[in-house]
>>> print(open('coords.txt').read())   # compact mmCIF, C-alpha atoms
# COMPACT_ATOMS: atom_id res chain seq x y z
CA MET A 512 -161.39 -194.46 -93.88
CA ARG A 513 -164.42 -195.16 -91.68
CA PRO A 514 -167.84 -195.14 -93.41
CA LEU A 515 -168.97 -193.15 -90.37
CA ASP A 516 -166.82 -190.21 -91.43
CA PHE A 517 -168.74 -189.58 -94.64
CA ARG A 518 -172.04 -190.04 -92.81
CA LEU A 519 -170.99 -187.33 -90.38
CA LEU A 520 -169.89 -185.07 -93.23
CA PHE A 521 -173.08 -185.74 -95.20
CA THR A 522 -175.31 -184.97 -92.21
CA ALA A 523 -173.38 -181.80 -91.47
CA ARG A 524 -173.71 -180.63 -95.06
CA VAL A 525 -177.44 -181.42 -95.15
CA LEU A 526 -178.00 -179.30 -92.04
CA VAL A 527 -176.18 -176.36 -93.61
CA MET A 528 -177.88 -176.79 -97.00
CA ILE A 529 -181.38 -176.70 -95.49
CA GLY A 530 -180.58 -173.58 -93.49
CA GLU A 531 -178.96 -171.84 -96.43
CA ALA A 532 -181.91 -172.67 -98.67
CA ALA A 533 -184.43 -171.35 -96.15
CA VAL A 534 -182.73 -168.11 -95.10
CA PRO A 535 -182.97 -166.09 -98.37
CA THR A 536 -186.77 -166.29 -98.35
CA ALA A 537 -186.96 -165.38 -94.66
CA LEU A 538 -184.42 -162.59 -95.06
CA ALA A 539 -186.30 -161.04 -97.97
CA LEU A 540 -189.60 -161.09 -96.10
CA ALA A 541 -188.02 -159.85 -92.86
CA VAL A 542 -186.31 -156.87 -94.48
CA LEU A 543 -189.39 -155.96 -96.52
CA ARG A 544 -191.55 -156.16 -93.39
CA ALA A 545 -189.14 -153.94 -91.48
CA THR A 546 -188.43 -151.35 -94.19
CA GLY A 547 -190.79 -151.88 -97.13
CA SER A 548 -187.83 -151.13 -99.37
CA SER A 549 -186.33 -153.35 -102.07
CA GLY A 550 -183.26 -151.12 -101.93
CA ALA A 551 -182.76 -152.07 -98.29
CA LEU A 552 -182.98 -155.72 -99.25
CA ALA A 553 -180.38 -155.22 -101.99
CA LEU A 554 -178.08 -153.57 -99.42
CA VAL A 555 -178.34 -156.50 -97.02
CA LEU A 556 -177.76 -159.02 -99.80
CA ALA A 557 -174.73 -157.08 -100.99
CA CYS A 558 -173.34 -157.09 -97.45
CA ALA A 559 -173.39 -160.89 -97.56
CA MET A 560 -172.00 -161.21 -101.10
CA VAL A 561 -169.12 -158.72 -101.04
CA PRO A 562 -167.10 -160.22 -98.15
CA ARG A 563 -167.77 -163.69 -99.52
CA LEU A 564 -166.22 -162.77 -102.86
CA MET A 565 -163.32 -160.87 -101.32
CA LEU A 566 -162.34 -163.59 -98.86
CA LEU A 567 -162.86 -166.78 -100.89
CA PRO A 568 -159.21 -167.09 -102.04
CA VAL A 569 -158.03 -166.42 -98.47
CA GLY A 570 -160.40 -169.14 -97.26
CA GLY A 571 -158.81 -171.55 -99.71
CA VAL A 572 -155.33 -170.71 -98.44
CA LEU A 573 -156.32 -171.26 -94.81
CA ALA A 574 -158.07 -174.56 -95.58
CA ASP A 575 -154.90 -175.84 -97.27
CA ARG A 576 -152.62 -174.45 -94.60
CA PHE A 577 -154.42 -175.34 -91.37
CA ALA A 578 -156.51 -178.42 -92.35
CA ALA A 579 -159.94 -178.17 -93.93
CA ARG A 580 -161.78 -179.70 -90.97
CA ARG A 581 -160.54 -177.09 -88.50
CA VAL A 582 -161.38 -174.22 -90.83
CA ALA A 583 -164.83 -175.67 -91.53
CA VAL A 584 -165.62 -176.05 -87.82
CA ALA A 585 -164.51 -172.49 -87.06
CA ALA A 586 -166.48 -171.09 -90.02
CA ASP A 587 -169.65 -172.93 -88.96
CA LEU A 588 -169.37 -171.58 -85.41
CA VAL A 589 -168.96 -168.01 -86.67
CA ALA A 590 -171.93 -168.45 -89.02
CA ALA A 591 -174.01 -169.87 -86.16
CA ALA A 592 -173.23 -166.81 -84.03
CA ALA A 593 -174.12 -164.43 -86.89
CA GLN A 594 -177.46 -166.10 -87.58
CA ALA A 595 -178.26 -166.31 -83.87
CA PHE A 596 -177.65 -162.55 -83.61
CA ALA A 597 -180.02 -161.96 -86.55
CA ALA A 598 -182.61 -164.23 -84.93
CA VAL A 599 -182.49 -162.30 -81.65
CA GLU A 600 -182.77 -159.02 -83.55
CA LEU A 601 -185.85 -160.20 -85.44
CA LEU A 602 -187.50 -161.91 -82.48
CA GLY A 603 -187.13 -158.67 -80.53
CA GLY A 604 -189.75 -157.11 -82.78
CA GLN A 605 -187.84 -153.98 -83.85
CA PRO A 606 -184.99 -155.10 -86.09
CA ARG A 607 -182.46 -152.50 -87.14
CA LEU A 608 -181.33 -152.68 -90.73
CA TRP A 609 -177.66 -152.14 -90.02
CA HIS A 610 -177.68 -154.95 -87.45
CA LEU A 611 -179.07 -157.35 -90.04
CA ALA A 612 -176.55 -156.09 -92.59
CA VAL A 613 -173.64 -156.70 -90.19
CA ALA A 614 -174.92 -160.18 -89.36
CA GLN A 615 -175.16 -161.10 -93.03
CA ALA A 616 -171.69 -159.65 -93.70
CA VAL A 617 -170.23 -161.84 -90.95
CA GLY A 618 -172.15 -164.83 -92.29
CA GLY A 619 -170.92 -164.13 -95.82
CA ALA A 620 -167.33 -163.95 -94.58
CA ALA A 621 -167.76 -167.25 -92.75
CA SER A 622 -169.09 -168.92 -95.90
CA ALA A 623 -165.97 -167.75 -97.78
CA PHE A 624 -163.89 -169.86 -95.42
CA ALA A 625 -166.31 -172.82 -95.35
CA MET A 626 -166.97 -173.29 -99.07
CA PRO A 627 -163.40 -174.25 -100.12
CA THR A 628 -163.28 -176.93 -97.40
CA VAL A 629 -166.02 -179.19 -98.80
CA SER A 630 -164.03 -180.78 -101.61
CA PRO A 631 -160.95 -181.51 -99.43
CA LEU A 632 -163.23 -183.01 -96.76
CA VAL A 633 -164.82 -185.35 -99.30
CA ALA A 634 -161.41 -186.29 -100.69
CA GLY A 635 -160.10 -186.86 -97.16
CA THR A 636 -162.95 -189.05 -95.93
CA VAL A 637 -164.06 -191.05 -99.00
CA PRO A 638 -161.95 -193.59 -100.94
CA ALA A 639 -161.31 -192.62 -104.56
CA GLU A 640 -163.56 -195.33 -105.98
CA ARG A 641 -166.55 -194.03 -104.01
CA ARG A 642 -166.17 -190.28 -104.43
CA GLN A 643 -168.49 -189.88 -107.41
CA ARG A 644 -171.27 -191.59 -105.50
CA ALA A 645 -170.54 -189.44 -102.44
CA ASN A 646 -170.57 -186.26 -104.54
CA SER A 647 -173.82 -187.40 -106.17
CA LEU A 648 -175.47 -187.88 -102.78
CA LEU A 649 -174.38 -184.40 -101.74
CA GLY A 650 -175.74 -183.00 -105.00
CA ALA A 651 -179.10 -184.73 -104.48
CA ALA A 652 -179.24 -183.37 -100.95
CA ARG A 653 -178.53 -179.87 -102.28
CA GLY A 654 -181.39 -180.10 -104.75
CA THR A 655 -183.77 -181.44 -102.13
CA ALA A 656 -182.83 -178.61 -99.78
CA GLN A 657 -183.50 -176.04 -102.50
CA LEU A 658 -186.91 -177.59 -103.01
CA ALA A 659 -187.82 -177.80 -99.31
CA GLY A 660 -185.98 -174.79 -97.87
CA PRO A 661 -188.17 -171.97 -99.22
CA ALA A 662 -191.32 -173.88 -98.25
CA LEU A 663 -189.98 -174.34 -94.73
CA ALA A 664 -189.07 -170.65 -94.49
CA GLY A 665 -192.47 -169.58 -95.79
CA THR A 666 -194.22 -171.76 -93.24
CA LEU A 667 -192.16 -170.37 -90.36
CA VAL A 668 -192.54 -166.76 -91.52
CA LEU A 669 -196.32 -167.03 -91.82
CA THR A 670 -196.79 -168.86 -88.52
CA VAL A 671 -194.17 -167.79 -85.98
CA GLY A 672 -192.19 -165.09 -87.79
CA PRO A 673 -188.94 -164.87 -89.80
CA GLY A 674 -186.73 -164.78 -86.71
CA TRP A 675 -187.30 -168.48 -86.10
CA THR A 676 -185.87 -169.33 -89.53
CA PHE A 677 -182.62 -167.65 -88.51
CA ALA A 678 -182.70 -169.45 -85.16
CA LEU A 679 -183.09 -172.73 -87.02
CA ASP A 680 -180.19 -171.84 -89.31
CA ALA A 681 -178.01 -170.97 -86.31
CA ALA A 682 -178.81 -174.34 -84.76
CA ALA A 683 -178.01 -176.05 -88.07
CA PHE A 684 -174.58 -174.41 -88.25
CA ALA A 685 -173.86 -175.32 -84.63
CA GLY A 686 -174.91 -178.91 -85.28
CA SER A 687 -172.72 -179.03 -88.38
CA ALA A 688 -169.71 -177.79 -86.39
CA ALA A 689 -170.28 -180.48 -83.75
CA LEU A 690 -170.47 -183.23 -86.38
CA LEU A 691 -167.41 -182.00 -88.28
CA ALA A 692 -165.43 -181.93 -85.04
CA LEU A 693 -165.89 -185.72 -84.87
CA LEU A 694 -164.50 -186.34 -88.37
CA ARG A 695 -161.28 -188.20 -88.99
CA VAL A 696 -159.80 -186.77 -92.20
CA ARG A 697 -156.82 -188.14 -94.08
CA PRO A 698 -153.94 -185.72 -93.33
CA VAL A 699 -152.52 -183.69 -96.21
CA PRO A 700 -149.01 -182.19 -95.98
CA ALA A 701 -148.98 -178.39 -96.11
CA THR A 702 -146.21 -176.00 -97.07
CA ARG A 703 -146.15 -172.75 -95.09
CA ARG A 704 -145.45 -169.69 -97.21
CA SER A 705 -146.64 -166.12 -97.35
CA LEU A 706 -150.29 -165.46 -98.10
CA ARG A 707 -149.39 -163.95 -101.44
CA ALA A 708 -147.21 -166.92 -102.38
CA ASP A 709 -150.00 -169.32 -101.49
CA LEU A 710 -152.53 -167.35 -103.55
CA VAL A 711 -150.16 -167.29 -106.53
CA ALA A 712 -149.46 -171.00 -106.20
CA GLY A 713 -153.18 -171.78 -106.23
CA TRP A 714 -153.77 -169.61 -109.29
CA ARG A 715 -150.81 -171.27 -111.02
CA GLU A 716 -152.49 -174.64 -110.53
CA VAL A 717 -155.63 -173.27 -112.19
CA ARG A 718 -153.78 -171.75 -115.15
CA SER A 719 -151.65 -174.83 -115.77
CA ARG A 720 -154.69 -176.98 -116.65
CA ASP A 721 -156.50 -175.92 -119.79
CA TRP A 722 -159.45 -178.23 -118.98
CA TYR A 723 -159.90 -176.48 -115.64
CA TRP A 724 -159.69 -172.80 -116.54
CA SER A 725 -161.68 -173.20 -119.76
CA SER A 726 -164.41 -175.02 -117.85
CA LEU A 727 -164.41 -172.28 -115.22
CA VAL A 728 -165.07 -169.73 -117.97
CA ALA A 729 -168.05 -171.80 -119.13
CA HIS A 730 -169.31 -172.25 -115.57
CA SER A 731 -169.02 -168.53 -114.90
CA VAL A 732 -171.01 -167.70 -118.04
CA TRP A 733 -173.60 -170.29 -116.96
CA ASN A 734 -174.05 -168.61 -113.57
CA GLY A 735 -174.32 -165.18 -115.15
CA ALA A 736 -176.91 -166.45 -117.62
CA ALA A 737 -178.84 -168.19 -114.84
CA ALA A 738 -178.98 -164.87 -113.00
CA VAL A 739 -180.49 -163.25 -116.09
CA LEU A 740 -183.11 -166.01 -116.29
CA LEU A 741 -183.99 -165.76 -112.59
CA THR A 742 -184.27 -161.98 -112.84
CA LEU A 743 -186.42 -161.72 -115.96
CA GLY A 744 -188.19 -165.08 -115.94
CA PRO A 745 -190.68 -164.36 -113.15
CA LYS A 746 -192.14 -161.28 -114.82
CA ILE A 747 -192.54 -163.01 -118.19
CA ALA A 748 -194.18 -165.98 -116.47
CA VAL A 749 -196.58 -163.72 -114.58
CA ASP A 750 -197.39 -161.33 -117.43
CA ARG A 751 -197.46 -163.65 -120.44
CA LEU A 752 -197.49 -167.33 -119.47
CA GLY A 753 -200.26 -167.67 -116.90
CA GLY A 754 -199.33 -166.06 -113.59
CA GLU A 755 -197.29 -166.68 -110.48
CA LYS A 756 -198.10 -170.41 -110.40
CA VAL A 757 -196.20 -170.87 -113.67
CA TRP A 758 -193.01 -169.51 -112.18
CA ILE A 759 -193.46 -171.49 -108.97
CA LEU A 760 -193.85 -174.67 -111.02
CA THR A 761 -190.81 -173.74 -113.09
CA VAL A 762 -188.60 -173.33 -110.02
CA GLN A 763 -189.93 -176.53 -108.47
CA ALA A 764 -189.33 -178.45 -111.70
CA GLY A 765 -185.77 -177.14 -111.70
CA ALA A 766 -185.18 -178.36 -108.15
CA VAL A 767 -186.57 -181.79 -109.07
CA GLY A 768 -184.30 -181.86 -112.13
CA LEU A 769 -181.30 -181.01 -109.95
CA VAL A 770 -182.06 -183.95 -107.68
CA LEU A 771 -182.62 -186.34 -110.59
CA GLY A 772 -179.42 -185.22 -112.30
CA SER A 773 -177.43 -185.83 -109.13
CA LEU A 774 -178.89 -189.32 -108.80
CA VAL A 775 -178.10 -190.07 -112.45
CA ALA A 776 -174.51 -188.97 -111.85
CA ALA A 777 -174.20 -191.68 -109.18
CA LYS A 778 -174.78 -194.33 -111.86
CA VAL A 779 -173.09 -193.05 -115.02
CA ARG A 780 -169.39 -193.45 -115.71
CA PRO A 781 -168.61 -191.35 -118.80
CA ARG A 782 -165.08 -191.74 -120.16
CA ARG A 783 -164.83 -187.95 -120.57
CA PRO A 784 -166.71 -186.58 -117.53
CA VAL A 785 -165.77 -182.91 -117.89
CA LEU A 786 -166.66 -182.86 -121.58
CA VAL A 787 -170.01 -184.60 -120.99
CA SER A 788 -170.97 -182.36 -118.08
CA ASN A 789 -170.01 -179.12 -119.86
CA LEU A 790 -172.10 -180.11 -122.87
CA GLY A 791 -175.00 -180.78 -120.53
CA LEU A 792 -174.73 -177.26 -119.14
CA ALA A 793 -175.45 -175.84 -122.60
CA THR A 794 -179.09 -176.91 -122.17
CA LEU A 795 -179.68 -173.78 -120.07
CA ALA A 796 -180.07 -171.97 -123.39
CA LEU A 797 -183.36 -173.81 -124.00
CA PRO A 798 -185.54 -172.27 -121.26
CA MET A 799 -183.99 -168.86 -121.90
CA LEU A 800 -184.92 -168.92 -125.58
CA LEU A 801 -188.40 -170.26 -124.81
CA LEU A 802 -188.96 -167.47 -122.29
CA ALA A 803 -187.67 -164.89 -124.77
CA LEU A 804 -190.26 -166.12 -127.26
CA ALA A 805 -192.94 -166.44 -124.53
CA LEU A 806 -193.77 -169.95 -125.71
CA PRO A 807 -196.31 -172.05 -123.78
CA ALA A 808 -195.66 -172.60 -120.08
CA PRO A 809 -195.35 -176.43 -120.22
CA LEU A 810 -192.42 -176.09 -122.65
CA VAL A 811 -190.67 -173.58 -120.41
CA ILE A 812 -191.20 -175.70 -117.30
CA ALA A 813 -189.97 -178.88 -118.98
CA SER A 814 -186.94 -177.19 -120.53
CA TYR A 815 -185.88 -175.68 -117.20
CA ALA A 816 -186.15 -179.13 -115.59
CA VAL A 817 -183.87 -180.48 -118.34
CA ALA A 818 -181.36 -177.65 -117.83
CA MET A 819 -181.21 -178.20 -114.08
CA THR A 820 -180.84 -181.94 -114.65
CA GLY A 821 -177.74 -181.06 -116.64
CA LEU A 822 -176.46 -179.03 -113.69
CA GLY A 823 -177.25 -181.92 -111.36
CA VAL A 824 -175.15 -184.26 -113.49
CA LEU A 825 -172.32 -181.74 -113.82
CA ASN A 826 -171.70 -181.09 -110.13
CA PRO A 827 -170.75 -184.63 -109.01
CA LEU A 828 -168.80 -185.41 -112.20
CA TRP A 829 -166.89 -182.13 -111.97
CA GLU A 830 -166.15 -182.41 -108.26
CA THR A 831 -164.94 -185.99 -108.64
CA ALA A 832 -162.67 -185.06 -111.54
CA VAL A 833 -161.22 -182.13 -109.58
CA GLN A 834 -160.66 -184.22 -106.44
CA GLU A 835 -158.76 -186.79 -108.49
CA ALA A 836 -156.74 -184.42 -110.68
CA ILE A 837 -155.78 -181.65 -108.25
CA PRO A 838 -153.10 -182.41 -105.61
CA GLY A 839 -154.44 -182.47 -102.05
CA PRO A 840 -152.16 -179.71 -100.69
CA VAL A 841 -153.67 -177.13 -103.11
CA LEU A 842 -157.20 -178.52 -103.53
CA ALA A 843 -158.93 -175.95 -101.31
CA ARG A 844 -157.22 -173.03 -103.04
CA VAL A 845 -158.10 -174.30 -106.50
CA THR A 846 -161.71 -174.86 -105.37
CA SER A 847 -161.87 -171.34 -103.96
CA TYR A 848 -161.04 -169.87 -107.37
CA ASP A 849 -163.81 -172.01 -108.86
CA TRP A 850 -166.31 -170.56 -106.39
CA LEU A 851 -164.98 -167.03 -106.85
CA LEU A 852 -165.44 -166.99 -110.62
CA SER A 853 -168.84 -168.66 -110.41
CA LEU A 854 -170.23 -166.34 -107.74
CA ALA A 855 -168.78 -163.18 -109.28
CA ALA A 856 -170.68 -163.77 -112.52
CA ALA A 857 -174.08 -163.96 -110.83
CA PRO A 858 -174.21 -160.34 -109.55
CA LEU A 859 -173.24 -159.20 -113.05
CA GLY A 860 -176.23 -161.03 -114.48
CA TYR A 861 -178.55 -159.70 -111.79
CA SER A 862 -177.49 -156.10 -112.46
CA LEU A 863 -177.33 -156.18 -116.26
CA ALA A 864 -180.60 -158.04 -116.82
CA PRO A 865 -183.04 -155.34 -115.62
CA TRP A 866 -180.91 -152.56 -117.13
CA SER A 867 -180.90 -154.13 -120.59
CA ALA A 868 -184.52 -155.27 -120.36
CA ALA A 869 -185.60 -151.69 -119.62
CA ARG A 870 -183.94 -150.50 -122.83
CA TRP A 871 -184.57 -153.28 -125.33
CA GLY A 872 -187.14 -155.54 -123.69
CA PRO A 873 -186.52 -158.82 -121.85
CA ALA A 874 -186.24 -160.92 -125.02
CA VAL A 875 -182.91 -159.29 -125.93
CA PRO A 876 -180.91 -160.05 -122.75
CA LEU A 877 -182.45 -163.52 -122.54
CA THR A 878 -181.46 -164.32 -126.12
CA VAL A 879 -177.97 -162.87 -125.74
CA ALA A 880 -177.41 -164.80 -122.50
CA ALA A 881 -178.71 -168.00 -124.13
CA VAL A 882 -176.29 -167.64 -127.04
CA LEU A 883 -173.39 -166.90 -124.70
CA VAL A 884 -174.01 -169.85 -122.40
CA ALA A 885 -174.45 -172.27 -125.31
CA ALA A 886 -171.30 -170.98 -127.03
CA ALA A 887 -169.18 -171.02 -123.86
CA CYS A 888 -170.19 -174.53 -122.81
CA LEU A 889 -170.00 -176.07 -126.30
CA ALA A 890 -166.66 -174.35 -126.99
CA THR A 891 -164.98 -176.35 -124.23
CA ALA A 892 -165.19 -179.36 -126.56
CA ALA A 893 -162.48 -177.67 -128.64
CA VAL A 894 -160.04 -177.56 -125.70
CA PRO A 895 -157.55 -180.46 -125.88
CA GLY A 896 -157.45 -180.97 -122.13
CA VAL A 897 -161.24 -181.22 -121.87
CA ARG A 898 -161.35 -183.88 -124.58
CA ALA A 899 -158.38 -185.76 -123.16
CA LEU A 900 -159.22 -185.76 -119.46
CA SER A 901 -160.54 -189.10 -118.27
CA VAL A 902 -161.12 -190.04 -114.65
CA ARG A 903 -159.48 -193.31 -113.68
CA ARG A 904 -161.87 -195.99 -112.48
CA PRO A 905 -160.88 -198.76 -110.09
CA PRO A 906 -161.69 -202.26 -111.39
CA ALA A 907 -164.64 -202.62 -109.03
CA GLU A 908 -166.25 -199.51 -110.46
CA ALA A 909 -165.41 -200.03 -114.15
CA ARG A 910 -168.71 -201.58 -115.19
>>> encode(input="coords.txt", output="structure tokens")
Amino acid sequence: MRPLDFRLLFTARVLVMIGEAAVPTALALAVLRATGSSGALALVLACAMVPRLMLLPVGGVLADRFAARRVAVAADLVAAAAQAFAAVELLGGQPRLWHLAVAQAVGGAASAFAMPTVSPLVAGTVPAERRQRANSLLGAARGTAQLAGPALAGTLVLTVGPGWTFALDAAAFAGSAALLALLRVRPVPATRRSLRADLVAGWREVRSRDWYWSSLVAHSVWNGAAAVLLTLGPKIAVDRLGGEKVWILTVQAGAVGLVLGSLVAAKVRPRRPVLVSNLGLATLALPMLLLALALPAPLVIASYAVAMTGLGVLNPLWETAVQEAIPGPVLARVTSYDWLLSLAAAPLGYSLAPWSAARWGPAVPLTVAAVLVAAACLATAAVPGVRALSVRRPPAEAR
């Protein structure tokens, strides 16, 4: 394949990552400015999340059936239109809540079709011996976007208004669609069946691999625990560890750790990549326990950086292993189930954390979540497939 193809894909993904990292901050401030209600913000966020969760498996089917590149281009164009509509609404000066909710619902639906296409696009544009490096570069770009996106959104909101963040995101999606349209992707044969048959076939691929479904359980618990940390951590940092700056430094340290972990993943070649990466995920228990005990801020900040470094290492190793082990004709469907389980756990953590903290104090849910995430991630070492799976390395890479 042409080196240009991955450069086009990488640039397209960077554009989308920056926009997606900036929009949540701008959306929160825009809705609060318009309504002054956190309940209204929760409604808008739910409007984006619900269609995303409902349509992810369908997005995987379409990406396998009609070619990932076509589905990705169409999804980016729909997302661009949705964000452009939100931008016009906000720039008009009198945004209506239901208009913003509809725009985010359309954008959430579009993301359900776009997300399962990324792994097949990498597999279809990058030779096998270079995929881990490609996935590592994408992971580093994701971490950098998470570090820079909120700062960019805050700058735009405070200077020219939140509407311009949505306009920028719309332009980013349009630019991504244009770049993806130029890609040449290795064709993958597709079998046309009913939607139900395709969904069942994808789920069968997940269930048939103990290393895959057991890791998905661990990853889902990780996302649920991370939601608990992100919900309760800010208040503990503000009330007991030194103020808002402590939490800001914690989040920034996590983003730096994510970038560093992704860069490390470009260099390491563990013989058991899924086992190594799952064990690294267990480090999320450290900042959760330190927050539960309200230990000094430097320890919390450093431990969260370590945990996010583990996530940064996991993503490229996991994606490379999946791209090698899962057949191309079902890769998008299998990936969609990965996203579905991961995303579904986060709202559970967001909802249970404040409820349980109100009854027993924040230390209880943080400790319980820490124990669960450590147990789930470490338990994968007992799964035969996790211990046995090794990614083949071409001679040029086996150093």
>>> closest_residue(input="coords.txt", among="A:Gly530, A:Gly896, A:Gly860, A:Pro631", to="Gly686 in chain A", atoms="all atoms listed in the file")
A:Gly530
>>> closest_residue(input="coords.txt", among="A:Ala662, A:Pro784, A:Arg715, A:Pro838", to="Ile759 in chain A", atoms="only C-alpha atoms")
A:Ala662
>>> residues_around(input="coords.txt", residues="Leu854 in chain A", least_positions_apart="5", cutoff="8 Å", atoms="all atoms listed in the file", output="PyMOL selection string")
chain A and resi 564+731+734
>>> closest_residue(input="coords.txt", among="A:Ala681, A:Gly713, A:Ala623, A:Lys778", to="Leu566 in chain A", atoms="all atoms listed in the file")
A:Ala623
>>> residues_near_point(input="coords.txt", point="(-153.2, -170.5, -97.2)", cutoff="10 Å", atoms="all atoms listed in the file", output="list of chain:residue names")
A:Pro568, A:Val569, A:Gly570, A:Gly571, A:Val572, A:Leu573, A:Ala574, A:Asp575, A:Arg576, A:Phe577, A:Ala578, A:Ala701, A:Thr702, A:Arg703, A:Arg704, A:Ser705, A:Leu706, A:Arg707, A:Ala708, A:Asp709, A:Leu710, A:Ala712, A:Gly713, A:Pro840, A:Val841, A:Ala843, A:Arg844
>>> atom_distance(input="coords.txt", atom1="CA of Trp714 in chain A", atom2="CA of Asp849 in chain A")
10.3 Å
>>> residues_around(input="coords.txt", residues="Thr794 in chain A", least_positions_apart="4", cutoff="12 Å", atoms="all atoms listed in the file", output="ChimeraX atom specification")
/A:733,736-737,787-790,798-801,813-822,825,881-889
>>> decode(input="coords.txt", residues="range 810-830 of chain A", atoms="N, CA and C atoms", output="PDB file, in the first residue's frame")
ATOM      1  N   LEU A 810       1.014  12.480  44.959  1.00  0.00           N
ATOM      2  CA  LEU A 810       0.862  11.044  44.781  1.00  0.00           C
ATOM      3  C   LEU A 810      -0.303  10.727  43.856  1.00  0.00           C
ATOM      4  N   VAL A 811      -1.407  11.445  44.030  1.00  0.00           N
ATOM      5  CA  VAL A 811      -2.572  11.238  43.176  1.00  0.00           C
ATOM      6  C   VAL A 811      -2.241  11.584  41.728  1.00  0.00           C
ATOM      7  N   ILE A 812      -1.606  12.720  41.529  1.00  0.00           N
ATOM      8  CA  ILE A 812      -1.266  13.165  40.172  1.00  0.00           C
ATOM      9  C   ILE A 812      -0.337  12.163  39.494  1.00  0.00           C
ATOM     10  N   ALA A 813       0.693  11.734  40.201  1.00  0.00           N
ATOM     11  CA  ALA A 813       1.654  10.790  39.624  1.00  0.00           C
ATOM     12  C   ALA A 813       1.002   9.441  39.329  1.00  0.00           C
ATOM     13  N   SER A 814       0.150   8.978  40.234  1.00  0.00           N
ATOM     14  CA  SER A 814      -0.482   7.672  40.031  1.00  0.00           C
ATOM     15  C   SER A 814      -1.453   7.702  38.855  1.00  0.00           C
ATOM     16  N   TYR A 815      -2.142   8.830  38.653  1.00  0.00           N
ATOM     17  CA  TYR A 815      -3.054   8.921  37.513  1.00  0.00           C
ATOM     18  C   TYR A 815      -2.262   8.961  36.204  1.00  0.00           C
ATOM     19  N   ALA A 816      -1.106   9.618  36.220  1.00  0.00           N
ATOM     20  CA  ALA A 816      -0.245   9.613  35.034  1.00  0.00           C
ATOM     21  C   ALA A 816       0.192   8.191  34.698  1.00  0.00           C
ATOM     22  N   VAL A 817       0.543   7.407  35.735  1.00  0.00           N
ATOM     23  CA  VAL A 817       0.944   6.018  35.524  1.00  0.00           C
ATOM     24  C   VAL A 817      -0.214   5.207  34.942  1.00  0.00           C
ATOM     25  N   ALA A 818      -1.420   5.390  35.503  1.00  0.00           N
ATOM     26  CA  ALA A 818      -2.583   4.646  35.026  1.00  0.00           C
ATOM     27  C   ALA A 818      -2.885   4.959  33.569  1.00  0.00           C
ATOM     28  N   MET A 819      -2.807   6.223  33.195  1.00  0.00           N
ATOM     29  CA  MET A 819      -3.092   6.597  31.818  1.00  0.00           C
ATOM     30  C   MET A 819      -1.964   6.178  30.877  1.00  0.00           C
ATOM     31  N   THR A 820      -0.749   6.062  31.401  1.00  0.00           N
ATOM     32  CA  THR A 820       0.323   5.485  30.597  1.00  0.00           C
ATOM     33  C   THR A 820      -0.001   4.031  30.268  1.00  0.00           C
ATOM     34  N   GLY A 821      -0.545   3.322  31.238  1.00  0.00           N
ATOM     35  CA  GLY A 821      -0.981   1.953  30.986  1.00  0.00           C
ATOM     36  C   GLY A 821      -2.036   1.887  29.898  1.00  0.00           C
ATOM     37  N   LEU A 822      -2.986   2.825  29.921  1.00  0.00           N
ATOM     38  CA  LEU A 822      -4.003   2.871  28.868  1.00  0.00           C
ATOM     39  C   LEU A 822      -3.366   3.188  27.515  1.00  0.00           C
ATOM     40  N   GLY A 823      -2.386   4.110  27.534  1.00  0.00           N
ATOM     41  CA  GLY A 823      -1.711   4.458  26.295  1.00  0.00           C
ATOM     42  C   GLY A 823      -0.976   3.286  25.680  1.00  0.00           C
ATOM     43  N   VAL A 824      -0.394   2.436  26.512  1.00  0.00           N
ATOM     44  CA  VAL A 824       0.274   1.236  26.009  1.00  0.00           C
ATOM     45  C   VAL A 824      -0.751   0.223  25.507  1.00  0.00           C
ATOM     46  N   LEU A 825      -1.849   0.078  26.254  1.00  0.00           N
ATOM     47  CA  LEU A 825      -2.865  -0.911  25.881  1.00  0.00           C
ATOM     48  C   LEU A 825      -3.416  -0.683  24.485  1.00  0.00           C
ATOM     49  N   ASN A 826      -3.838   0.551  24.188  1.00  0.00           N
ATOM     50  CA  ASN A 826      -4.600   0.785  22.964  1.00  0.00           C
ATOM     51  C   ASN A 826      -3.893   0.285  21.707  1.00  0.00           C
ATOM     52  N   PRO A 827      -2.633   0.688  21.448  1.00  0.00           N
ATOM     53  CA  PRO A 827      -1.990   0.196  20.229  1.00  0.00           C
ATOM     54  C   PRO A 827      -1.744  -1.319  20.230  1.00  0.00           C
ATOM     55  N   LEU A 828      -1.338  -1.873  21.398  1.00  0.00           N
ATOM     56  CA  LEU A 828      -1.102  -3.311  21.453  1.00  0.00           C
ATOM     57  C   LEU A 828      -2.393  -4.082  21.202  1.00  0.00           C
ATOM     58  N   TRP A 829      -3.467  -3.632  21.815  1.00  0.00           N
ATOM     59  CA  TRP A 829      -4.764  -4.297  21.649  1.00  0.00           C
ATOM     60  C   TRP A 829      -5.247  -4.188  20.203  1.00  0.00           C
ATOM     61  N   GLU A 830      -5.213  -3.001  19.642  1.00  0.00           N
ATOM     62  CA  GLU A 830      -5.709  -2.809  18.279  1.00  0.00           C
ATOM     63  C   GLU A 830      -4.896  -3.620  17.275  1.00  0.00           C
TER      64      GLU A 830
END
